[in-house]
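Just below is one structure, and these are the notes that go with it.
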Amino acid sequence: MLKTLLNEVKEYKKASLAAPLWVALEVILEVFIPFMLSIMVDQGIEKGNLNVVMVTALFMFLAAMLSLLAGALSGKYAAIASSGFAKNLRKAEYENIMNFSFRELDAYSTSSLITRMMTDVTNVQMAYMMIIRSCVRAPMMLVASLFMSFFINRRIALIFLGVILFLGIVLFGIIFIVRPIFEKLFLKYDDLNRSTQENITAIRVVKSFVRQDHEIDHFNKESDALFKIQRKAELILALNGPAMQLSAYTCIVLISWFGAHMIVDGTMTTGELLSLFTYIMSMLMALMMLSMVFVMVSMSLASGRRIAQVITQESTLNSPENGIKTIQDGSLTFESVYFNYVNDKPDYVLTDINLNVPAGSTLGILGSTGSSKTSFVQLIPRLYDVTMGHVEVGGIDVRRYDLQTLRDGVAMVLQKNVLFSGTIKENMRWGNPQATDEEIMEACRLAQADEFIQKMPDGYDTYIERGGANVSGGQRQRLCIARALLKKPKILILDDSTSAVDTRTDAQIRQAFLEQIPDTTKIIIAQRISSVQDADQIILLDDGKILAQGTHEQLLRTSPVYRETFEAQQKGDPEHE
Ligand SMILES: Nc1ncnc2c1ncn2[C@@H]1O[C@H](COP(=O)(O)OP(=O)(O)O)[C@@H](O)[C@H]1O
Ligand SMILES: [Mg+2]
């Protein structure tokens with residue numbers, strides 16, 4: 001995991017090195033200042049030597065200025081390194097997500113991918129910033145201040161050491177207790193994120209089922225649980241403050257006590273006492289900082305792991321090397337095809353499918369919801385790969401084609417189709433970026449979309465809102481069909497793509513297909529038998545198996561299920577729609 005992540009910060013190696021180096025300089029200068037102060041007090045002020053006061057003051061001023069500069073530079077480089085790191089992490093994640101096949105998309109939910117690209121990256125970015133700054137600053141400050149204290153007065157430095165050990169044990173003890181609570185907290189955050197995102201995305205559904213109160217209740221419960229965990233963690237963490245205060249005041253009292261005696265004895269000077277005060281404060285602050293850094297960095301480990309998982313996730317479906325770049329024709333063959341979404345499950349979603357569809361013919365697919373119609377057609381453009389057997393297009397196994405060639409040759413209008421925000425023309429060019437206006441209009445005429453587009457105020461330049469919110473369901477379906485047609489595919493698959501279109505328009509679309517794209521193999525999944533009854537062959541799917549197969553007339557004779565469904569639909573019985 002670390003290697004994967006560090007790979008993304010390589011570009012910012014220089015900044016990542018510069019930041020701690022400037023921090024080191026800053027610390028050295030900061031430690032130097034109290035030492036100068038002690039000289040100023042002892043040699044200058046006490047002895048009334050103005051020259052010494054001037055010189056030490058000048059040195060202190062210079063040191064302060066330089067340390068300010070070093071601090072600013074270290075801040076600058078740390079910002080460059082950590083935000084550059086974050087940028088690269090996001091880029092690497094995004095690029096790999098774009099390579100995900102449908103199988104990987106099934107495995108990661110959308111909300112989890114978004115969290116991994118946003119929150120997790122921010123966590124790692126903060127942690128990295130701390131590692132290259134605070135992780136250098138705090139230990140150095142601690143050691144350097146302790147060293148100076150020993151240099152000034154051994155006995156008092158030993159007291160410091162004792163107090164630091166005490167505070168260190170308390171702080172890290174607290175972390176030891178709090179860390180698992182924080183981990184639980186982050187998991188809860190994830191849960192809440194997920195359910196919130198789901199419900200806000202589907203807010204129209206929630207409202208139409210009048211589930212608001214139920215969802216609000218649910219949200220409040222989760223939010224409450226989060227509050228409780230957080231309160232517990234913060235209560236324990238709040239002990240940090242008193243422990244720190246206790247240590248600080250103990251030190252002050254002890255130094256004052258011993259210091260006063262030593263000054264009277266003449267073994268220590270006032271200036272030295274003054275600088276010791278400064279050093280102990282720096283040390284305690286450094287310790288505090290170190291403990292916070294420790295919490296943050298260990299928290300971000302989980303984020304780092306989640307990011308690395310996305311970056312290294314390999315797509316299970318790849319384009320073959322030297323894949324075939326031309327498709328002979330739109331003929332389609334299924335040979336002993338078995339398919340499963342989850343690899344090692346015993347029951348298949350598709351079982352022993354054998355089928356031959358000649359180029360240019362029309363195949364109708366019928367079946368109840370969940371009978372695997374969608375799964376069946378997804379195998380053709382390789383949205384998923386078969387588990388066993390093989391699928392051939394143009395007489396060649398689909399896995400031997402270059403993936404781009406295959407997907408350009410097999411256009412599929414997904415059941416859950418979407419339009420993107422942009423004009424109608426822009427949306428159409430998703431199908432084919434080079435399409436001319438004339439070609440776009442022709443495809444829309446074929447899909448019976450031209451008529452309503454012409455009626456829109458801006459015609460083909462009408463702006464489609466996000467998700468196609470400003471067109472009706474039937475209009476959206478026709479636009480999606482037109483978009484698929486622009487690819488001039490060898491095989492065109494419509495997965496229940498005319499469900500929201502009225503019967504007459506539906507028939508017109510099929511008629512247009514028959515006349516104008518005779519060489520394209522058409523695969524039509526439908527609920528209404530009327531949508532497929534003039535197909536060259538129809539298959540009836542049931543529970544992932546072909547239950548019956550033939551033309552409309554043949555099926556009426558041979559399949560009781562088909563006949564009953566047909567008769568029921570003729571009468572317009574909604575039960576069988
Ligand atoms: N992405 C998926 N992951 C796991 N199982 C799925 C997935 N998509 C569909 N299934 C399952 O496969 C079966 C067939 O679904 P599907 O092909 O969508 O049927 P249909 O299109 O006929 O309604 C169903 O049992 C469904 O739950
Ligand atoms: Mg389906």
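By order in the structure tokens, chains are A, B, ...; within a chain, residues start at 1; ligands start at 1, following the order shown.
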Check your understanding: Which chains and residue numbers are within 12 Å of ligand 2, counting only C-alpha atoms and all ligand atoms, if I want them as a ChimeraX atom specification?
Key -> /A:365-378,413-417,494-497,499,524-527,541,544
I'd like the contact shell of range 1-8 of chain A - 8 Å cut-off, only C-alpha atoms, skipping same-chain residues fewer than 5 positions apart - returned as an mmCIF file with N, CA and C atoms, in the first residue's frame.
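result.cif written:
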```cif
data_model
loop_
_atom_site.group_PDB
_atom_site.id
_atom_site.type_symbol
_atom_site.label_atom_id
_atom_site.label_comp_id
_atom_site.auth_asym_id
_atom_site.auth_seq_id
_atom_site.Cartn_x
_atom_site.Cartn_y
_atom_site.Cartn_z
ATOM 1 N N PHE A 85 0.483 15.794 -4.066
ATOM 2 C CA PHE A 85 0.263 14.381 -3.742
ATOM 3 C C PHE A 85 -1.226 14.053 -3.873
ATOM 4 N N ASN A 88 -2.375 13.980 -7.466
ATOM 5 C CA ASN A 88 -1.991 12.749 -8.159
ATOM 6 C C ASN A 88 -2.786 11.530 -7.702
ATOM 7 N N LEU A 89 -3.084 11.493 -6.393
ATOM 8 C CA LEU A 89 -3.882 10.370 -5.886
ATOM 9 C C LEU A 89 -5.249 10.362 -6.549
ATOM 10 N N ALA A 92 -4.935 9.290 -10.147
ATOM 11 C CA ALA A 92 -4.706 7.849 -10.294
ATOM 12 C C ALA A 92 -5.992 7.078 -10.029
ATOM 13 N N GLY A 304 -5.598 5.655 3.510
ATOM 14 C CA GLY A 304 -4.560 5.285 2.544
ATOM 15 C C GLY A 304 -4.819 3.905 1.971
ATOM 16 N N ARG A 305 -5.234 2.998 2.837
ATOM 17 C CA ARG A 305 -5.497 1.634 2.386
ATOM 18 C C ARG A 305 -6.651 1.626 1.384
ATOM 19 N N ALA A 308 -5.453 3.047 -1.948
ATOM 20 C CA ALA A 308 -4.578 2.103 -2.652
ATOM 21 C C ALA A 308 -5.396 0.983 -3.281
ATOM 22 N N GLN A 309 -6.465 0.594 -2.605
ATOM 23 C CA GLN A 309 -7.310 -0.482 -3.127
ATOM 24 C C GLN A 309 -7.913 -0.082 -4.482
ATOM 25 N N ILE A 311 -6.699 2.264 -6.525
ATOM 26 C CA ILE A 311 -5.654 2.464 -7.539
ATOM 27 C C ILE A 311 -5.155 1.135 -8.089
ATOM 28 N N THR A 312 -5.063 0.116 -7.212
ATOM 29 C CA THR A 312 -4.471 -1.134 -7.669
ATOM 30 C C THR A 312 -5.503 -2.145 -8.151
#
```
**Study point:** Picked from range 381-562 of chain A by DSSP as alpha helix (DSSP H), as a VMD selection string
**Key:** chain A and resid 403 to 409 424 to 428 437 to 446 450 to 455 473 to 485 503 to 516 552 to 558 560 to 562
Do you know which residues are at most 9 Å from Met126 in chain A counting only C-alpha atoms, after dropping those on the same chain fewer than 5 positions away, and could you put them as a PDB file with C-alpha atoms, in the first residue's frame?
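Below is the file that was written, out_19.pdb:
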```
ATOM      1  CA  SER A  82       0.903  17.552  -0.039  1.00  0.00           C
ATOM      2  CA  SER A  83      -1.576  19.125  -2.424  1.00  0.00           C
ATOM      3  CA  VAL A 121      -7.607  11.814  -0.169  1.00  0.00           C
ATOM      4  CA  ILE A 131       4.659  13.932   8.358  1.00  0.00           C
ATOM      5  CA  MET A 296      -3.953  11.881  12.651  1.00  0.00           C
ATOM      6  CA  VAL A 297      -1.417   9.747  10.876  1.00  0.00           C
ATOM      7  CA  SER A 300      -5.179   8.262   7.775  1.00  0.00           C
TER       8      SER A 300
END
```
Check your understanding: Which residue gives the smallest distance to ligand 1 among A:Arg103, A:Ser111, A:Glu222, A:Gln570, with only C-alpha atoms and all ligand atoms counted?
Key ->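 Among A:Arg103, A:Ser111, A:Glu222, A:Gln570, it is A:Arg103 that comes nearest to ligand 1.
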Exercise for review: Going by DSSP on the backbone, which bits of range 345-477 of chain A are strand (DSSP E)? Write them as number ranges by chain, please.
Suggested key: A: 350-357, 362-366, 388-393, 396-397, 410-413, 422-423, 463-464
Check your understanding: If you count only C-alpha atoms, which residues fall within 9 Å of range 242-251 of chain A, apart from same-chain ones fewer than 4 positions away, as a ChimeraX atom specification?
Key -> /A:159-160,163-164,166-167,170-171,238,255-256,277,280-281,284-285,288
Review point. Pick from A:Leu239, A:Ala500, A:Leu403, A:Ala507: nearest to Glu321 in chain A, with only C-alpha atoms counted?
Key: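 Of A:Leu239, A:Ala500, A:Leu403, A:Ala507, the one nearest Glu321 in chain A is A:Leu403, counting only C-alpha atoms.
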**Study point:** Residue nearest ligand 1 - candidates A:Tyr384, A:Phe100, A:Phe182, A:Phe420, atoms counted: only C-alpha atoms and all ligand atoms
**Key:**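 For ligand 1, the nearest of the candidates is A:Tyr384.
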Revision key, fill the gap. A straight line from CA of Leu419 in chain A to CA of Arg466 in chain A spans 7.3 Å
Point to revise | Residue nearest Asp536 in chain A - candidates A:Leu479, A:Ile424, A:Leu363, A:Val295, atoms counted: only C-alpha atoms | key: A:Leu363
Practice item. Go through A:Leu37, A:Val136, A:Leu350, A:Val178 and flag the residue nearest ligand 1, using only C-alpha atoms and all ligand atoms for the distances. Key: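 Comparing A:Leu37, A:Val136, A:Leu350, A:Val178 against ligand 1, the winner is A:Leu350.
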Practice item. Might you pull out every residue within 9 Å of range 228-236 of chain A, with only C-alpha atoms counted and same-chain residues fewer than 5 positions away left off, and present them as a ChimeraX atom specification? Key: /A:174-175,177-179,181-182,184-185,223
Review point. With distances taken over only C-alpha atoms, which of A:Ser319, A:Ser336, A:Gln212, A:Thr423 is nearest to Leu406 in chain A?
Key: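 Nearest candidate to Leu406 in chain A out of A:Ser319, A:Ser336, A:Gln212, A:Thr423: A:Ser319.
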Exercise for review: Figure out the distance between CA of Asp106 in chain A and atom 8 (N, counted along the ligand's line) of ligand 1, please, to one decimal in Å.
Suggested key: 8.5 Å
Point to revise | Surrounding residues of Ile114 in chain A excluding itself and chain neighbours under 3 positions, 12 Å, only C-alpha atoms, as a ChimeraX atom specification | key: /A:90,93-94,97,108-111,117-121,190,193-194,197,306-307,310
Would you list the contacts of range 483-491 of chain A as a CSV table (one decimal) with C-alpha atoms, in the first residue's frame, taking every protein, DNA or RNA residue within 7 Å and counting only C-alpha atoms, but skipping same-chain residues closer than 5 positions in sequence?
```csv
chain,number,residue,atom,x,y,z
A,329,ASP,CA,-21.1,-8.9,-40.0
A,330,GLY,CA,-23.8,-8.7,-37.3
A,408,ASP,CA,-18.6,0.5,-31.4
A,409,GLY,CA,-20.0,-2.4,-33.4
A,410,VAL,CA,-22.5,-3.5,-30.8
A,411,ALA,CA,-24.6,-0.6,-29.7
A,412,MET,CA,-26.7,-1.2,-26.6
A,413,VAL,CA,-29.4,1.1,-25.3
A,428,MET,CA,-26.0,12.6,-29.8
A,431,GLY,CA,-22.6,8.0,-30.0
A,432,ASN,CA,-20.2,9.3,-32.6
A,440,ILE,CA,-27.8,13.3,-36.3
A,443,ALA,CA,-30.7,9.0,-36.7
A,520,THR,CA,-28.0,-4.4,-38.7
A,521,THR,CA,-28.9,-7.2,-36.4
A,522,LYS,CA,-31.6,-6.0,-34.1
```
Exercise for review: Find the distance between CA of Glu451 in chain A and CA of Gln477 in chain A and write it in Å to one decimal.
Suggested key: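 Between these atoms lies a distance of 14.2 Å.
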